[in-house]
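Taking it in order: structure first as structure tokens, then the write-up.
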Amino acid sequence: MKNKSINSELLIEQYGSAIKKYFENTDGIIIVIIDENLLIQGYNTPFLRMVTSRCFFKRVKNGEIKGQSILSFLMAESRAVFNFENKNSNQPEVTDNYSDADRQDSSFIKTKLNFSINNSPSMTMNCYIFKTDTSTIIIGEHIILTDSHFMDKMSILNNEMANMLREIQHKNREIEQKNFEIEEKNRALEKAYSEIKTLSGIIPICMHCKQIRDDQGYWNRVEEYITKHSAAQFSHGICPDCMKKHYSEYL
């Protein structure tokens with residue numbers, strides 16, 4: 001079966017929205033569009049994430065990117081790349097992947113760009129640069145990480161791990177304090193429970209003398225039985241009926 005060439009126009013017509021969404025959000029490449037004055041007019045999400053990354057750059061807000069010069073995001077050695085019109089200028093280094101036609105086309109360059117902001121650690125990236133009549137498109141791929149990048153990344157990770165460890169230790173102390181308070185309350189409840197005596201079930205009581213039979217078969221006065229099986233205490237007195245019956249001569 002012979003290979004068929006891809007019809008780019010048909011592909012864009014059928015899958016234009018999907019392709020646009022891919023280029024806007026893919027982590028594989030960055031895209032930046034600049035005008036003839038090298039001012040940023042558009043960019044995709046990966047470029048935004050790159051220039052706002054704590055690993056390589058000082059904080060840049062989304063609204064601070066559009067309208068800025070692309071040169072403000074580049075190291076000094078990478079700024080000369082955008083001098084397309086000066087034929088006598090030193091052209092960026094090209095790789096063996098170029099054909100002779102590519103080397104002669106000043107509107108197309110493949111080079112390495114060193115991105116940096118305010119002397120922060122730089123990020124090196126292989127980039128394709130396309131120049132049109134009104135704008136220039138930068139397509140970046142294959143980030144080249146250096147030892148300093150890894151050291152910066154490790155430093156940030158170490159700081160984050162240290163903050164997380166301090167937070168975990170603080171939470172552990174709070175949990176230990178809560179556990180101690182719960183244990184104290186449990187001990188207090190167990191002590192109170194051990195001191196509580198309740199009466200339940202059927203209690204056998206004499207219908208005449210009102211003495212109560214205990215589990216061992218002994219008969220006890222009501223006050224003795226209740227005192228023994230509960231926390232209640234008795235204070236003796238004389239009711240009016242008993243006063244008349246037993247001490248009528250004193251009334």
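Ordering of the structure tokens sets the chain letters (A, B, ...), residue numbers begin anew at 1 in every chain, and ligands are numbered from 1 in the order given.
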
*Run DSSP on the backbone of this structure and report the residues of range 122-224 of chain A it assigns to strand (DSSP E), as a ChimeraX atom specification.*
/A:123-131,135-144,212-213,219-220

Convert the current residue selection to file output with C-alpha atoms, as a short mmCIF file (atom, residue, chain, number, x, y, z; two decimals), in the first residue's frame.
data_model
loop_
_atom_site.label_atom_id
_atom_site.label_comp_id
_atom_site.auth_asym_id
_atom_site.auth_seq_id
_atom_site.Cartn_x
_atom_site.Cartn_y
_atom_site.Cartn_z
CA MET A 123 15.36 27.39 31.28
CA THR A 124 16.82 26.27 27.96
CA MET A 125 14.46 25.05 25.25
CA ASN A 126 14.75 23.91 21.64
CA CYS A 127 12.57 26.28 19.60
CA TYR A 128 11.27 26.79 16.06
CA ILE A 129 10.79 30.44 15.05
CA PHE A 130 8.58 31.34 12.07
CA LYS A 131 8.40 34.91 10.75
CA SER A 135 4.07 38.52 13.35
CA THR A 136 6.50 35.90 14.56
CA ILE A 137 5.56 32.53 16.02
CA ILE A 138 7.74 30.75 18.56
CA ILE A 139 7.16 27.03 19.04
CA GLY A 140 9.22 25.51 21.83
CA GLU A 141 9.85 21.89 22.67
CA HIS A 142 12.28 19.64 24.54
CA ILE A 143 13.18 21.61 27.67
CA ILE A 144 16.86 21.12 28.43
CA ILE A 212 -35.82 -7.47 101.73
CA ARG A 213 -34.12 -10.76 100.83
CA TRP A 219 -33.23 -10.75 105.02
CA ASN A 220 -32.24 -7.12 105.45
#

*Work out how far apart CA of Leu157 in chain A and CA of Phe115 in chain A are and give it in Å to one decimal.*
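Separating CA of Leu157 in chain A from CA of Phe115 in chain A is a distance of 21.7 Å.
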
*Distance in Å - CA of Ile29 in chain A versus CA of Ser155 in chain A*: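 CA of Ser155 in chain A lies at a distance of 26.1 Å from CA of Ile29 in chain A.
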
_All residues 10 Å or closer to Leu71 in chain A, only C-alpha atoms, same chain fewer than 5 positions away omitted, as a VMD selection string_ = chain A and resid 38 to 40 76 78 to 80 82 115 to 117

Selection above as a file: N, CA and C atoms, as a PDB file, in the first residue's frame:
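Saved the output as again-v7.pdb:
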ATOM      1  N   LEU A  38       8.107  42.862  18.569  1.00  0.00           N
ATOM      2  CA  LEU A  38       8.500  41.806  19.515  1.00  0.00           C
ATOM      3  C   LEU A  38       7.668  41.829  20.794  1.00  0.00           C
ATOM      4  N   LEU A  39       6.455  42.384  20.731  1.00  0.00           N
ATOM      5  CA  LEU A  39       5.555  42.388  21.883  1.00  0.00           C
ATOM      6  C   LEU A  39       4.652  41.158  21.831  1.00  0.00           C
ATOM      7  N   ILE A  40       4.481  40.530  22.957  1.00  0.00           N
ATOM      8  CA  ILE A  40       3.696  39.296  23.032  1.00  0.00           C
ATOM      9  C   ILE A  40       2.225  39.615  22.792  1.00  0.00           C
ATOM     10  N   ALA A  76      20.325  37.343  27.639  1.00  0.00           N
ATOM     11  CA  ALA A  76      20.917  38.254  26.658  1.00  0.00           C
ATOM     12  C   ALA A  76      21.391  37.528  25.410  1.00  0.00           C
ATOM     13  N   SER A  78      20.162  35.062  23.939  1.00  0.00           N
ATOM     14  CA  SER A  78      19.075  34.580  23.086  1.00  0.00           C
ATOM     15  C   SER A  78      18.342  35.703  22.364  1.00  0.00           C
ATOM     16  N   ARG A  79      18.594  36.947  22.745  1.00  0.00           N
ATOM     17  CA  ARG A  79      17.829  38.062  22.170  1.00  0.00           C
ATOM     18  C   ARG A  79      18.223  38.347  20.722  1.00  0.00           C
ATOM     19  N   ALA A  80      19.477  38.039  20.353  1.00  0.00           N
ATOM     20  CA  ALA A  80      19.940  38.305  18.996  1.00  0.00           C
ATOM     21  C   ALA A  80      19.232  37.432  17.972  1.00  0.00           C
ATOM     22  N   PHE A  82      16.242  37.241  17.312  1.00  0.00           N
ATOM     23  CA  PHE A  82      15.095  37.902  16.703  1.00  0.00           C
ATOM     24  C   PHE A  82      15.493  39.048  15.781  1.00  0.00           C
ATOM     25  N   PHE A 115      15.300  30.997  28.439  1.00  0.00           N
ATOM     26  CA  PHE A 115      14.264  31.822  29.071  1.00  0.00           C
ATOM     27  C   PHE A 115      14.669  32.139  30.507  1.00  0.00           C
ATOM     28  N   SER A 116      14.453  33.393  30.901  1.00  0.00           N
ATOM     29  CA  SER A 116      14.731  33.820  32.267  1.00  0.00           C
ATOM     30  C   SER A 116      14.038  35.145  32.509  1.00  0.00           C
ATOM     31  N   ILE A 117      13.731  35.439  33.785  1.00  0.00           N
ATOM     32  CA  ILE A 117      13.088  36.697  34.158  1.00  0.00           C
ATOM     33  C   ILE A 117      13.838  37.290  35.342  1.00  0.00           C
TER      34      ILE A 117
END

*Looking at A:Tyr193, A:Leu10, A:Phe47, A:Asp241, which one is nearest to Thr26 in chain A, with distances taken over only C-alpha atoms?*
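Of A:Tyr193, A:Leu10, A:Phe47, A:Asp241, the one nearest Thr26 in chain A is A:Phe47, counting only C-alpha atoms.
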
*Kindly give the distance, in Å, that separates CA of Glu183 in chain A and CA of Ser230 in chain A, rounded to a single decimal.*
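Between CA of Glu183 in chain A and CA of Ser230 in chain A the gap is 26.9 Å.
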
_Picked from range 127-233 of chain A by DSSP as alpha helix (DSSP H), as a VMD selection string_ = chain A and resid 147 to 195 222 to 229
